[in-house]
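So the structure is just underneath, and the comments pick up after that.
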Amino acid sequence: MRNDNSSHQGGSFYQRDRSWHPPAFTPDYKTSVLRSPKYALLSLGNTLSEMTGPVFGHAMLGPLDNDLILNYAQTGEPIGPRIIVHGQVLDEDARPVRGALVEFWQANAGGRYRHKKESYLAAIDPNFGGCGRTITDEEGRYWFRTIKPGPYPWPNGVNDWRPAHIHFSVFGHAFAQRLITQMYFEGDPMIWQCPIVMGIPSREAVERLVAALDRENTLPMDTMAYKFDIVLRGRRSTLFENRMEGN
Amino acid sequence: MVQSLRRLKESPSQTAGPYVHIGATPNFSGIEGVYPHDLGSLPLAPEVEGERIVVTGRIFDGSGTPIKDALVEIWQADAQGLYPGQGERRGAADPHFPGWFRQPVDGTSGVYRFETIKPGIVPYFDGRPMAPHITFWIVARGINIGLHTRLYFGDEDKANAADPILGRIEHRLRVPTLIAPRSDADGKPVYTFDIRLQGENETVFFDI
Ligand SMILES: [Fe+3]
């Protein structure tokens, strides 16, 4: 049984659809203005340097790494709605990505991050750190328990607020699949007012980042559940691979 | 109508935001006791084969200001040119070398720093050798999708001149943006790789 991400081999990855992702320059998100390359990206395609990637094994995980309710608890449990977030990491061919390292971070229930640069008035929760991580199982599944984060204001427009969200970082089977994204919550009207979200060109693409309230997996009198699937780049089948020796 | 390919779309990228350190390097950001150490931050094991080097630099925005909230990941081959981890079919890499490191830039100076080894030569897909290089991946507030680039070594003129990737850069004036000059400090080579997101001497970024 392989629980790390070292077991899959295959061809190069499908070209990334750059028209589906937010472009680098999204002026309504002001910080992007000076941090967006102006030249076209140079199309490199995949070499071994992109088709390989680091391996992370379960041995690195602590028992509370996927439990944000307990992994920073000092005097008690954090305040706020208890939720389970779960889903599958798949590739574009709907194949499970097993052994994927998934890291997540978020604000507390009041929308406040535990960070020295954070200036929002909402209170720090002494029992909430806001980070966690896990590794997907053989079916590409992951899950963690946390507190539902609150929306928070941020200095962009004079009165911009982020919708409630959880940040995700995912390592698939190759460095070409490296992805950071954010998860939003079903039914939140603030999603559609957010300059960061609206940098994504289509509504259909935004909806891929909205987790569904999963009533079937809710624990009665205990914890609500949200389901959030993540899709990484898929790779070509090596049907007629004609490569030089050594590749 | 034709049969459907039924492919899924990749999850859209979103910025790592200003608080990426909470998730990626919590100990650095002052959240201690959750992970024993920040992933990708452990020093090289003494058993690792290869020449010890330092890779350092800053990341500048379009106004020339160093960014102070970026996160940098690097991925590289071992001293023999073999990748640790997975996807490498040519042989087993140095078991002590992780190949992957992650560091935040310094919150005051914007300097990032990696202590690693000089990688060996990795073949291009047609078998030609690629010059030794380190893959960089940069995320930060204001970067909507992680930026891929490569560091090439300033003391590898011959290999760089024959490198198939560098050779494909049409605008030759931009090639030096990928080449880190070497200096020496404490008996160790130091390669300085400054990255410019925009403006004069904008670094070449790749669509991989
Ligand atoms: Fe956030």
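Chain labels run A, B, ... following the order of the structure tokens; each chain numbers its residues from 1, and ligands are numbered from 1 in the order shown.
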
Query raised in the report: Contacts of Gly120 (chain B) at 10 Å or less, counting only C-alpha atoms, minus same-chain residues fewer than 3 places along, as a VMD selection string?
Result: chain B and resid 50 76 to 83 117 130 to 133

Requested in this report: Might you pull out every residue within 12 Å of Trp192 (chain A), with only C-alpha atoms counted and same-chain residues fewer than 5 positions away left off, and present them as a list in words?
Outcome: Asp160, Trp161, Arg162, Pro163, Ala164, Tyr184, Phe185, Glu186, Gly187, Val197, Met198, Gly199, Ile200, Ser202, Arg203, Val206, Glu207 and Val210 of chain A

Query - Computed interatomic separation between CA of Thr47 (chain A) and CA of Trp75 (chain B) (Å) - result: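 Atom-to-atom, CA of Thr47 (chain A) and CA of Trp75 (chain B) are spaced 12.9 Å apart.
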
Query raised in the report: Got a sec to check which residues lie within 7 Å of ligand 1, using only C-alpha atoms and all ligand atoms, and send them as a count of residues only?
Result: 7

Report task. Find the residue from B:Asp94, B:Glu115, B:Glu200, B:Glu156 that sits nearest to Ile53 (chain B); use only C-alpha atoms when measuring. Result ->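 Smallest separation from Ile53 (chain B) among the options: B:Glu115.
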
Query raised in the report: Excluding same-chain residues fewer than 5 positions from region 168-178 of chain B, what lies within 9 Å of it counting only C-alpha atoms, as an NGL selection string?
Result: (:A and (42 or 44)) or (:B and (149-153 or 163 or 193-196 or 201-204))

Report task. Skip region 87-100 of chain A itself and residues of its chain fewer than 3 positions away, then list as a list of chain:residue names all residues within 7 Å of it, counting only C-alpha atoms. Result -> A:Asn3, A:Asp4, A:Asn5, A:Ile135, A:Thr136, A:Asp137, A:Glu138, A:Glu139, A:Gly140, A:Arg141, A:Tyr142, A:Trp143, A:Val170, A:Phe171, A:Gly172, A:Lys227, A:Phe228, A:Asp229, A:Ile230, A:Val231, A:Leu232, A:Arg233, A:Gly234, B:Arg7, B:Leu8, B:Lys9, B:Glu10

Selection file, N, CA and C atoms, as a PDB file, in the first residue's frame:
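After the write, again-v5.pdb holds the following:
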ATOM      1  N   ASN A   3       1.172   5.046   0.544  1.00  0.00           N
ATOM      2  CA  ASN A   3       0.443   6.186   1.069  1.00  0.00           C
ATOM      3  C   ASN A   3       1.112   7.510   0.756  1.00  0.00           C
ATOM      4  N   ASP A   4       2.236   7.444   0.080  1.00  0.00           N
ATOM      5  CA  ASP A   4       2.826   8.703  -0.334  1.00  0.00           C
ATOM      6  C   ASP A   4       2.434   8.961  -1.789  1.00  0.00           C
ATOM      7  N   ASN A   5       2.999   9.975  -2.369  1.00  0.00           N
ATOM      8  CA  ASN A   5       2.573  10.303  -3.733  1.00  0.00           C
ATOM      9  C   ASN A   5       3.599   9.841  -4.756  1.00  0.00           C
ATOM     10  N   ILE A 135      -2.826  14.292   4.062  1.00  0.00           N
ATOM     11  CA  ILE A 135      -2.385  13.644   2.825  1.00  0.00           C
ATOM     12  C   ILE A 135      -3.523  12.769   2.329  1.00  0.00           C
ATOM     13  N   THR A 136      -3.828  12.842   1.038  1.00  0.00           N
ATOM     14  CA  THR A 136      -4.982  12.107   0.524  1.00  0.00           C
ATOM     15  C   THR A 136      -4.745  10.594   0.583  1.00  0.00           C
ATOM     16  N   ASP A 137      -5.851   9.870   0.721  1.00  0.00           N
ATOM     17  CA  ASP A 137      -5.775   8.416   0.818  1.00  0.00           C
ATOM     18  C   ASP A 137      -5.762   7.783  -0.581  1.00  0.00           C
ATOM     19  N   GLU A 138      -5.955   6.480  -0.631  1.00  0.00           N
ATOM     20  CA  GLU A 138      -5.872   5.746  -1.906  1.00  0.00           C
ATOM     21  C   GLU A 138      -6.909   6.215  -2.920  1.00  0.00           C
ATOM     22  N   GLU A 139      -8.034   6.758  -2.426  1.00  0.00           N
ATOM     23  CA  GLU A 139      -9.060   7.280  -3.346  1.00  0.00           C
ATOM     24  C   GLU A 139      -8.916   8.779  -3.575  1.00  0.00           C
ATOM     25  N   GLY A 140      -7.822   9.330  -3.110  1.00  0.00           N
ATOM     26  CA  GLY A 140      -7.629  10.771  -3.277  1.00  0.00           C
ATOM     27  C   GLY A 140      -8.421  11.594  -2.283  1.00  0.00           C
ATOM     28  N   ARG A 141      -8.987  10.938  -1.263  1.00  0.00           N
ATOM     29  CA  ARG A 141      -9.845  11.671  -0.320  1.00  0.00           C
ATOM     30  C   ARG A 141      -9.038  12.326   0.793  1.00  0.00           C
ATOM     31  N   TYR A 142      -9.585  13.447   1.246  1.00  0.00           N
ATOM     32  CA  TYR A 142      -8.996  14.128   2.404  1.00  0.00           C
ATOM     33  C   TYR A 142     -10.140  14.617   3.269  1.00  0.00           C
ATOM     34  N   TRP A 143      -9.865  14.924   4.520  1.00  0.00           N
ATOM     35  CA  TRP A 143     -10.860  15.563   5.378  1.00  0.00           C
ATOM     36  C   TRP A 143     -10.153  16.233   6.532  1.00  0.00           C
ATOM     37  N   VAL A 170      -1.860  22.614  -2.596  1.00  0.00           N
ATOM     38  CA  VAL A 170      -1.889  21.193  -2.952  1.00  0.00           C
ATOM     39  C   VAL A 170      -0.639  20.800  -3.741  1.00  0.00           C
ATOM     40  N   PHE A 171      -0.037  19.702  -3.320  1.00  0.00           N
ATOM     41  CA  PHE A 171       1.057  19.071  -4.065  1.00  0.00           C
ATOM     42  C   PHE A 171       0.521  17.786  -4.670  1.00  0.00           C
ATOM     43  N   GLY A 172       0.529  17.681  -5.982  1.00  0.00           N
ATOM     44  CA  GLY A 172       0.129  16.434  -6.622  1.00  0.00           C
ATOM     45  C   GLY A 172       1.332  15.533  -6.831  1.00  0.00           C
ATOM     46  N   LYS A 227     -18.393  19.832   1.306  1.00  0.00           N
ATOM     47  CA  LYS A 227     -17.610  18.987   0.398  1.00  0.00           C
ATOM     48  C   LYS A 227     -16.928  19.863  -0.646  1.00  0.00           C
ATOM     49  N   PHE A 228     -15.627  19.681  -0.751  1.00  0.00           N
ATOM     50  CA  PHE A 228     -14.828  20.505  -1.657  1.00  0.00           C
ATOM     51  C   PHE A 228     -13.843  19.617  -2.409  1.00  0.00           C
ATOM     52  N   ASP A 229     -14.132  19.384  -3.680  1.00  0.00           N
ATOM     53  CA  ASP A 229     -13.224  18.608  -4.522  1.00  0.00           C
ATOM     54  C   ASP A 229     -12.230  19.552  -5.189  1.00  0.00           C
ATOM     55  N   ILE A 230     -11.036  19.043  -5.384  1.00  0.00           N
ATOM     56  CA  ILE A 230      -9.964  19.835  -5.986  1.00  0.00           C
ATOM     57  C   ILE A 230      -9.463  19.090  -7.216  1.00  0.00           C
ATOM     58  N   VAL A 231      -9.318  19.809  -8.326  1.00  0.00           N
ATOM     59  CA  VAL A 231      -8.852  19.174  -9.561  1.00  0.00           C
ATOM     60  C   VAL A 231      -7.471  19.714  -9.924  1.00  0.00           C
ATOM     61  N   LEU A 232      -6.529  18.801 -10.086  1.00  0.00           N
ATOM     62  CA  LEU A 232      -5.185  19.164 -10.538  1.00  0.00           C
ATOM     63  C   LEU A 232      -5.044  18.811 -12.017  1.00  0.00           C
ATOM     64  N   ARG A 233      -4.013  19.328 -12.626  1.00  0.00           N
ATOM     65  CA  ARG A 233      -3.785  19.040 -14.045  1.00  0.00           C
ATOM     66  C   ARG A 233      -3.689  17.539 -14.293  1.00  0.00           C
ATOM     67  N   GLY A 234      -4.251  17.101 -15.419  1.00  0.00           N
ATOM     68  CA  GLY A 234      -4.155  15.708 -15.820  1.00  0.00           C
ATOM     69  C   GLY A 234      -2.959  15.506 -16.729  1.00  0.00           C
TER      70      GLY A 234
ATOM     71  N   ARG B   7     -13.698  15.570 -19.644  1.00  0.00           N
ATOM     72  CA  ARG B   7     -12.580  15.990 -18.795  1.00  0.00           C
ATOM     73  C   ARG B   7     -13.068  16.993 -17.754  1.00  0.00           C
ATOM     74  N   LEU B   8     -12.436  16.999 -16.613  1.00  0.00           N
ATOM     75  CA  LEU B   8     -12.696  18.017 -15.609  1.00  0.00           C
ATOM     76  C   LEU B   8     -11.782  19.207 -15.893  1.00  0.00           C
ATOM     77  N   LYS B   9     -12.146  20.345 -15.352  1.00  0.00           N
ATOM     78  CA  LYS B   9     -11.279  21.517 -15.453  1.00  0.00           C
ATOM     79  C   LYS B   9     -10.463  21.633 -14.173  1.00  0.00           C
ATOM     80  N   GLU B  10      -9.224  22.053 -14.334  1.00  0.00           N
ATOM     81  CA  GLU B  10      -8.373  22.287 -13.168  1.00  0.00           C
ATOM     82  C   GLU B  10      -9.037  23.303 -12.236  1.00  0.00           C
TER      83      GLU B  10
END

Requested in this report: Measure the distance from CA of Ala162 (chain B) to CA of Ala180 (chain B) in Å and round it to one decimal.
Outcome: 16.6 Å

**Report entry** Which of B:Arg52, B:Arg141, B:Arg113, B:His96 sits closest to chain A [using only C-alpha atoms]
**Finding:** B:Arg141

Query - Shortest interatomic distance to Arg145 (chain A) - which of A:Leu41, A:Ala225, A:Ala73, A:Met183, counting only C-alpha atoms - result: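 Closest candidate: A:Ala225.
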